[in-house]
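**Student:** Here it is, the structure in full.
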Amino acid sequence: MPSVATYRQTPILQALPLVAAETDIAILQELCLVDHRRRVRDAAVVRSFIVLQQGAQGGGDTIVDAGGPFNLTFIAGTATITNMPDAETEFNSASNRRLPAMLEGRTLIQAYAGGTVAGGPGSTLSIKYSLDGGANFVHFSPTPCTVAIDALAAGTQTAFGTEVAINAEAQTDVVLGIFTDGDATPTEDPSWVLVGALIT
Amino acid sequence: MTCHVTFAAGSAVTHTIANPGPTEFAGAGVQFNRRAPIKLANRNWARVYVGGSTDANNTAEMFVEYTTDPTGAAGWTPLGTYDDALDGATGPLVSLFRLQGVGTAWGPWVQVDAAAQVGTVLLRARGRLGDGLGYNAVTVGCAFTGGFKYEGRSLAGGTAGPGIIMFGGSQIAGGGTIGTGPGEFGTLPAPLVPVPAGCTLVRQGVTLTEHNAGQHGAEAGVLAACDDANVSANLVCRYVDATIAADWTDTHLATLATDVTTAGITPRLALYIQGGGDADTATTVGKYDYELRRLRGALQTRWPGIAFVAMPVGSQDLVEHPMLVEARVPFKRRMSEPYRGLTDWVSEVGIELQADNRHPTSAGEVEMGRRMIAPWIAAGKLS
């Protein structure tokens, strides 16, 4: 599949204004196919590119995957941490809640958590990203993507963190992980039924 | 447009996969309550992921299918086919062998067929090639995305620069020069012996101004191709005999990093030749996809933004490495997926070997190097 960047660099696309009608897109596809001798399925990329460019109002060449907001679901069932430690630790000290995510063109992320048993005072849950397939995780910057989990009323509340910026470095193909940080007396056994992130 | 379909995200679910299967997730194939509807218009790529708490057997894999039948009774079809002349497997796929203690496995991206992008479809996850025993999963889902900034097997995202590292087993740096008979290796042609003007070579930590004509590796071909293209390269290469991807991730990259520091270069490209040991057994093949991800991650950790080109092992010795063909499948899938415009693979087919069908000749080594550097030169990253 040719890259969107490749298409952007073609004189045909640079010369054309944004197109709205499906017929225009079809013509453009033909032009690209003739010019580049690509296979038919590549036409879908052109269509996607045009639609996205309409949405992005012709922005920079990194806007290739922008669409509507979407949710990532890390937990949608029951998950409990026994004696949640007073140090930032990947969820339940395991890596089986990680999710791959395509953040190209995404700018905002908000964590949320619904539970049945709260963590200790001041305890938090954060979503961090990895650029190297999960070997190293870092916080979103300048503001971490965090939600407080010390006030999860039993079965009645979902806590929402502050929507924070996705820094440019993270706006790519990443792996996301959830990390918790308890209080100084790690005796709580917080339990969740829902943990996710809203990405815009 | 990115979206995810979640099949499981709670407490551990046991999935028992028959051999050969397929067996639908979850349970033992008689429960169909995890199917999900979705609209895939403009969602051109898909990958499936599984976070587990126990492993399946070493051949087990999960894949995702769709149907336009709203009842789910018929019409189930794979979402796409891996674009690989040798493999051509349907997908998306992910190995279920490395879950415990490792966590989440995510398979390579596969292009979604156009027929699946029309209207509402149902999705289901299935397992195959199991052993009739259950494994446990806590996270199962499928990610979809629209167009990528870069295509698969593209180096367009790499940073131009002369710094190159090359590493692997015996087919680099003269490690596998000697076959079963004297003279079989041949001799490097005299014009290729000097390190070309404008290029530098550090081999096993030692700066060289010329190759050993009777004991060199694929690095000679890399520099020959650079010379032909009239571009400069600063090449640092190292081999450790009989190593596999995991050895480099865990141990030998550190040594190579020392070479790089001493040489004073900034690596922009990594060249790796698959080790024969990656294909010794069904077990090593089963985890090879995971090991390639680890190696790619380790490279990014040490040298952020580095491009990564690899070649399957050129050995034809299917007696010594009977799983070689199978190992090429995960290799090519993983190296073909879109990854920030930073990955590519080159063919090992047709490399001239010595009489032992294992060690390349001098000409074979040169050809290997030429092939490996060609995509980087073609991408305009050397000047």
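Order determines the names: the first chain of the structure tokens is A, the second B, and so forth; residues in each chain are numbered 1 upward, and ligands are numbered 1 upward as they are shown.
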Find the residues near A:Phe140: any atom within 12 Å, counting only C-alpha atoms, skip ones fewer than 5 places away on the same chain, and give them as a list of chain:residue names.
**Tutor:** A:Thr107, A:Leu108, A:Ile109, A:Gln110, A:Ala111, A:Ser126, A:Ile127, A:Lys128, A:Tyr129, A:Ser130, A:Leu131, A:Cys145, A:Thr146, A:Glu163, A:Val164, A:Ala165, A:Ile166, A:Asn167, A:Ala168, A:Glu169, A:Ala170, A:Gln171, A:Val174, A:Leu176, A:Gly177
**Student:** Based on DSSP run over this structure's backbone, return all residues of stretch 80-288 of chain B in strand (DSSP E or B), as a count of residues only.
**Tutor:** 59
**Student:** Compile the contact shell of A:Thr116 as a list in words: residues with an atom at most 10 Å away, counting only C-alpha atoms, same-chain residues fewer than 4 positions apart removed.
**Tutor:**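 Everything that qualifies: Thr78, Ala79, Thr80, Ala151, Leu152, Ala153, Ala154, Gly155, Thr156, Gln157, Thr158, Pro190, Ser191, Trp192, Val193 and Leu194 of chain A.
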**Student:** Just need the residues of chain B within 6 Å of chain A, counting only C-alpha atoms, so spit them out as a ChimeraX atom specification.
**Tutor:** /B:1,9-11,42,51-52,103-104,146,149-151,297,300
**Student:** Now that the selection is made, can you save its residues with N, CA, C and O atoms as a PDB file, in the first residue's frame?
**Tutor:**
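Saved file out_10.pdb follows:
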ATOM      1  N   MET B   1      -9.356   5.789  10.912  1.00  0.00           N
ATOM      2  CA  MET B   1     -10.246   5.812  12.075  1.00  0.00           C
ATOM      3  C   MET B   1      -9.963   4.588  12.938  1.00  0.00           C
ATOM      4  O   MET B   1     -10.186   3.464  12.506  1.00  0.00           O
ATOM      5  N   ALA B   9     -12.329  -8.695  28.591  1.00  0.00           N
ATOM      6  CA  ALA B   9     -11.552  -7.699  29.319  1.00  0.00           C
ATOM      7  C   ALA B   9     -11.855  -7.785  30.802  1.00  0.00           C
ATOM      8  O   ALA B   9     -11.920  -6.782  31.499  1.00  0.00           O
ATOM      9  N   GLY B  10     -12.098  -8.980  31.284  1.00  0.00           N
ATOM     10  CA  GLY B  10     -12.432  -9.136  32.693  1.00  0.00           C
ATOM     11  C   GLY B  10     -11.511 -10.119  33.368  1.00  0.00           C
ATOM     12  O   GLY B  10     -10.306 -10.089  33.170  1.00  0.00           O
ATOM     13  N   SER B  11     -12.090 -10.996  34.148  1.00  0.00           N
ATOM     14  CA  SER B  11     -11.280 -12.029  34.776  1.00  0.00           C
ATOM     15  C   SER B  11     -10.937 -13.095  33.735  1.00  0.00           C
ATOM     16  O   SER B  11     -11.475 -13.110  32.632  1.00  0.00           O
ATOM     17  N   ASN B  42     -13.775   2.275   5.851  1.00  0.00           N
ATOM     18  CA  ASN B  42     -12.519   3.028   5.924  1.00  0.00           C
ATOM     19  C   ASN B  42     -11.559   2.505   6.978  1.00  0.00           C
ATOM     20  O   ASN B  42     -10.578   3.170   7.298  1.00  0.00           O
ATOM     21  N   GLY B  51      -4.152 -10.901  25.868  1.00  0.00           N
ATOM     22  CA  GLY B  51      -3.402 -10.834  27.117  1.00  0.00           C
ATOM     23  C   GLY B  51      -3.796 -12.017  27.968  1.00  0.00           C
ATOM     24  O   GLY B  51      -4.972 -12.234  28.244  1.00  0.00           O
ATOM     25  N   GLY B  52      -2.854 -12.814  28.342  1.00  0.00           N
ATOM     26  CA  GLY B  52      -3.190 -14.077  28.984  1.00  0.00           C
ATOM     27  C   GLY B  52      -2.659 -14.225  30.385  1.00  0.00           C
ATOM     28  O   GLY B  52      -1.984 -13.347  30.927  1.00  0.00           O
ATOM     29  N   GLY B 103       2.617 -11.522  29.078  1.00  0.00           N
ATOM     30  CA  GLY B 103       1.488 -10.616  29.068  1.00  0.00           C
ATOM     31  C   GLY B 103       0.745 -10.596  27.768  1.00  0.00           C
ATOM     32  O   GLY B 103       0.212 -11.602  27.347  1.00  0.00           O
ATOM     33  N   THR B 104       0.736  -9.451  27.139  1.00  0.00           N
ATOM     34  CA  THR B 104      -0.099  -9.277  25.964  1.00  0.00           C
ATOM     35  C   THR B 104       0.700  -9.521  24.697  1.00  0.00           C
ATOM     36  O   THR B 104       1.772  -8.964  24.518  1.00  0.00           O
ATOM     37  N   GLY B 146      -7.416   3.200  10.067  1.00  0.00           N
ATOM     38  CA  GLY B 146      -7.536   3.604   8.676  1.00  0.00           C
ATOM     39  C   GLY B 146      -6.190   3.543   7.986  1.00  0.00           C
ATOM     40  O   GLY B 146      -5.433   2.596   8.160  1.00  0.00           O
ATOM     41  N   LYS B 149       0.446   6.349   7.996  1.00  0.00           N
ATOM     42  CA  LYS B 149       1.310   7.365   7.406  1.00  0.00           C
ATOM     43  C   LYS B 149       2.296   6.698   6.448  1.00  0.00           C
ATOM     44  O   LYS B 149       2.645   7.247   5.418  1.00  0.00           O
ATOM     45  N   TYR B 150       2.740   5.506   6.808  1.00  0.00           N
ATOM     46  CA  TYR B 150       3.680   4.776   5.958  1.00  0.00           C
ATOM     47  C   TYR B 150       3.098   3.412   5.663  1.00  0.00           C
ATOM     48  O   TYR B 150       2.353   2.861   6.456  1.00  0.00           O
ATOM     49  N   GLU B 151       3.467   2.859   4.544  1.00  0.00           N
ATOM     50  CA  GLU B 151       3.027   1.524   4.203  1.00  0.00           C
ATOM     51  C   GLU B 151       3.911   0.485   4.892  1.00  0.00           C
ATOM     52  O   GLU B 151       4.968   0.795   5.425  1.00  0.00           O
ATOM     53  N   GLY B 297      11.908  -3.756  19.646  1.00  0.00           N
ATOM     54  CA  GLY B 297      11.777  -2.847  20.775  1.00  0.00           C
ATOM     55  C   GLY B 297      13.114  -2.480  21.388  1.00  0.00           C
ATOM     56  O   GLY B 297      13.356  -1.326  21.751  1.00  0.00           O
ATOM     57  N   GLN B 300      14.803   0.079  19.285  1.00  0.00           N
ATOM     58  CA  GLN B 300      14.213   1.404  19.462  1.00  0.00           C
ATOM     59  C   GLN B 300      14.601   2.012  20.796  1.00  0.00           C
ATOM     60  O   GLN B 300      14.753   3.228  20.919  1.00  0.00           O
TER      61      GLN B 300
END
**Student:** Residues at most 12 Å from B:Arg296, counting only C-alpha atoms, excluding those fewer than 5 positions away in the same chain, as a VMD selection string?
**Tutor:** (chain A and resid 131 to 135) or (chain B and resid 245 to 246 248 to 249 253 269 to 272 289 to 291 301 to 310 331 334 to 335 339 to 340 342 to 344)
**Student:** Write the residues you've just listed into a file as a compact mmCIF listing (two decimals), in the first residue's frame, and include N, CA and C atoms for each of them.
**Tutor:**
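Result went into selection-v7.txt, see below:
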# COMPACT_ATOMS: atom_id res chain seq x y z
N LEU A 131 6.80 3.18 23.46
CA LEU A 131 7.19 3.28 22.04
C LEU A 131 7.99 2.07 21.57
N ASP A 132 8.38 1.22 22.51
CA ASP A 132 9.26 0.12 22.13
C ASP A 132 8.65 -1.24 22.42
N GLY A 133 7.35 -1.32 22.16
CA GLY A 133 6.72 -2.63 22.27
C GLY A 133 6.52 -3.11 23.69
N GLY A 134 6.54 -2.21 24.64
CA GLY A 134 6.26 -2.60 26.01
C GLY A 134 7.47 -2.74 26.90
N ALA A 135 8.65 -2.50 26.37
CA ALA A 135 9.84 -2.62 27.20
C ALA A 135 9.92 -1.47 28.21
N ALA B 245 17.68 -14.22 17.84
CA ALA B 245 17.22 -12.87 18.14
C ALA B 245 17.25 -12.58 19.64
N ALA B 246 16.83 -13.54 20.44
CA ALA B 246 16.79 -13.31 21.89
C ALA B 246 18.17 -13.04 22.45
N TRP B 248 20.59 -11.47 21.05
CA TRP B 248 20.97 -10.09 20.78
C TRP B 248 20.18 -9.12 21.65
N THR B 249 18.89 -9.39 21.82
CA THR B 249 18.07 -8.53 22.66
C THR B 249 18.61 -8.50 24.09
N LEU B 253 23.48 -6.95 22.11
CA LEU B 253 23.30 -5.55 21.68
C LEU B 253 24.11 -4.61 22.56
N LEU B 269 20.27 2.88 10.94
CA LEU B 269 19.77 1.65 10.31
C LEU B 269 20.40 0.45 10.99
N ALA B 270 19.58 -0.54 11.28
CA ALA B 270 20.07 -1.81 11.81
C ALA B 270 19.80 -2.91 10.80
N LEU B 271 20.81 -3.71 10.52
CA LEU B 271 20.69 -4.84 9.60
C LEU B 271 20.90 -6.12 10.40
N TYR B 272 19.95 -7.05 10.30
CA TYR B 272 20.03 -8.27 11.09
C TYR B 272 19.72 -9.48 10.22
N ASP B 289 7.92 -14.85 16.66
CA ASP B 289 7.24 -13.59 16.44
C ASP B 289 7.44 -12.65 17.64
N TYR B 290 7.29 -13.20 18.81
CA TYR B 290 7.51 -12.44 20.04
C TYR B 290 8.95 -11.96 20.15
N GLU B 291 9.89 -12.81 19.77
CA GLU B 291 11.30 -12.43 19.88
C GLU B 291 11.65 -11.32 18.89
N THR B 301 14.72 1.17 21.80
CA THR B 301 15.09 1.68 23.12
C THR B 301 16.51 2.25 23.11
N ARG B 302 17.41 1.54 22.46
CA ARG B 302 18.79 2.02 22.44
C ARG B 302 18.99 3.17 21.46
N TRP B 303 18.32 3.06 20.31
CA TRP B 303 18.53 4.08 19.27
C TRP B 303 17.17 4.50 18.73
N PRO B 304 16.46 5.40 19.41
CA PRO B 304 15.10 5.77 19.00
C PRO B 304 15.05 6.21 17.53
N GLY B 305 14.07 5.69 16.82
CA GLY B 305 13.87 6.05 15.42
C GLY B 305 14.72 5.27 14.45
N ILE B 306 15.47 4.28 14.94
CA ILE B 306 16.33 3.52 14.04
C ILE B 306 15.48 2.64 13.12
N ALA B 307 15.87 2.55 11.86
CA ALA B 307 15.19 1.65 10.92
C ALA B 307 15.76 0.25 11.08
N PHE B 308 14.99 -0.75 10.64
CA PHE B 308 15.33 -2.14 10.92
C PHE B 308 15.04 -2.99 9.68
N VAL B 309 16.10 -3.50 9.08
CA VAL B 309 15.97 -4.37 7.91
C VAL B 309 16.55 -5.74 8.27
N ALA B 310 15.84 -6.78 7.95
CA ALA B 310 16.33 -8.11 8.32
C ALA B 310 16.18 -9.08 7.14
N PHE B 331 8.38 -14.38 10.63
CA PHE B 331 9.41 -13.39 10.30
C PHE B 331 8.87 -12.38 9.28
N ARG B 334 5.91 -10.17 10.51
CA ARG B 334 6.27 -9.11 11.46
C ARG B 334 7.09 -8.04 10.79
N MET B 335 7.98 -8.44 9.91
CA MET B 335 8.82 -7.43 9.27
C MET B 335 8.09 -6.70 8.15
N TYR B 339 5.24 -0.11 10.48
CA TYR B 339 5.83 0.20 11.78
C TYR B 339 6.59 1.51 11.67
N ARG B 340 5.81 2.59 11.58
CA ARG B 340 6.39 3.93 11.55
C ARG B 340 7.32 4.14 10.36
N LEU B 342 9.64 2.07 9.34
CA LEU B 342 10.98 1.75 9.84
C LEU B 342 11.36 0.28 9.67
N THR B 343 10.55 -0.52 8.99
CA THR B 343 10.94 -1.93 8.88
C THR B 343 10.83 -2.43 7.44
N ASP B 344 11.67 -3.37 7.13
CA ASP B 344 11.62 -4.04 5.83
C ASP B 344 12.37 -5.35 5.97
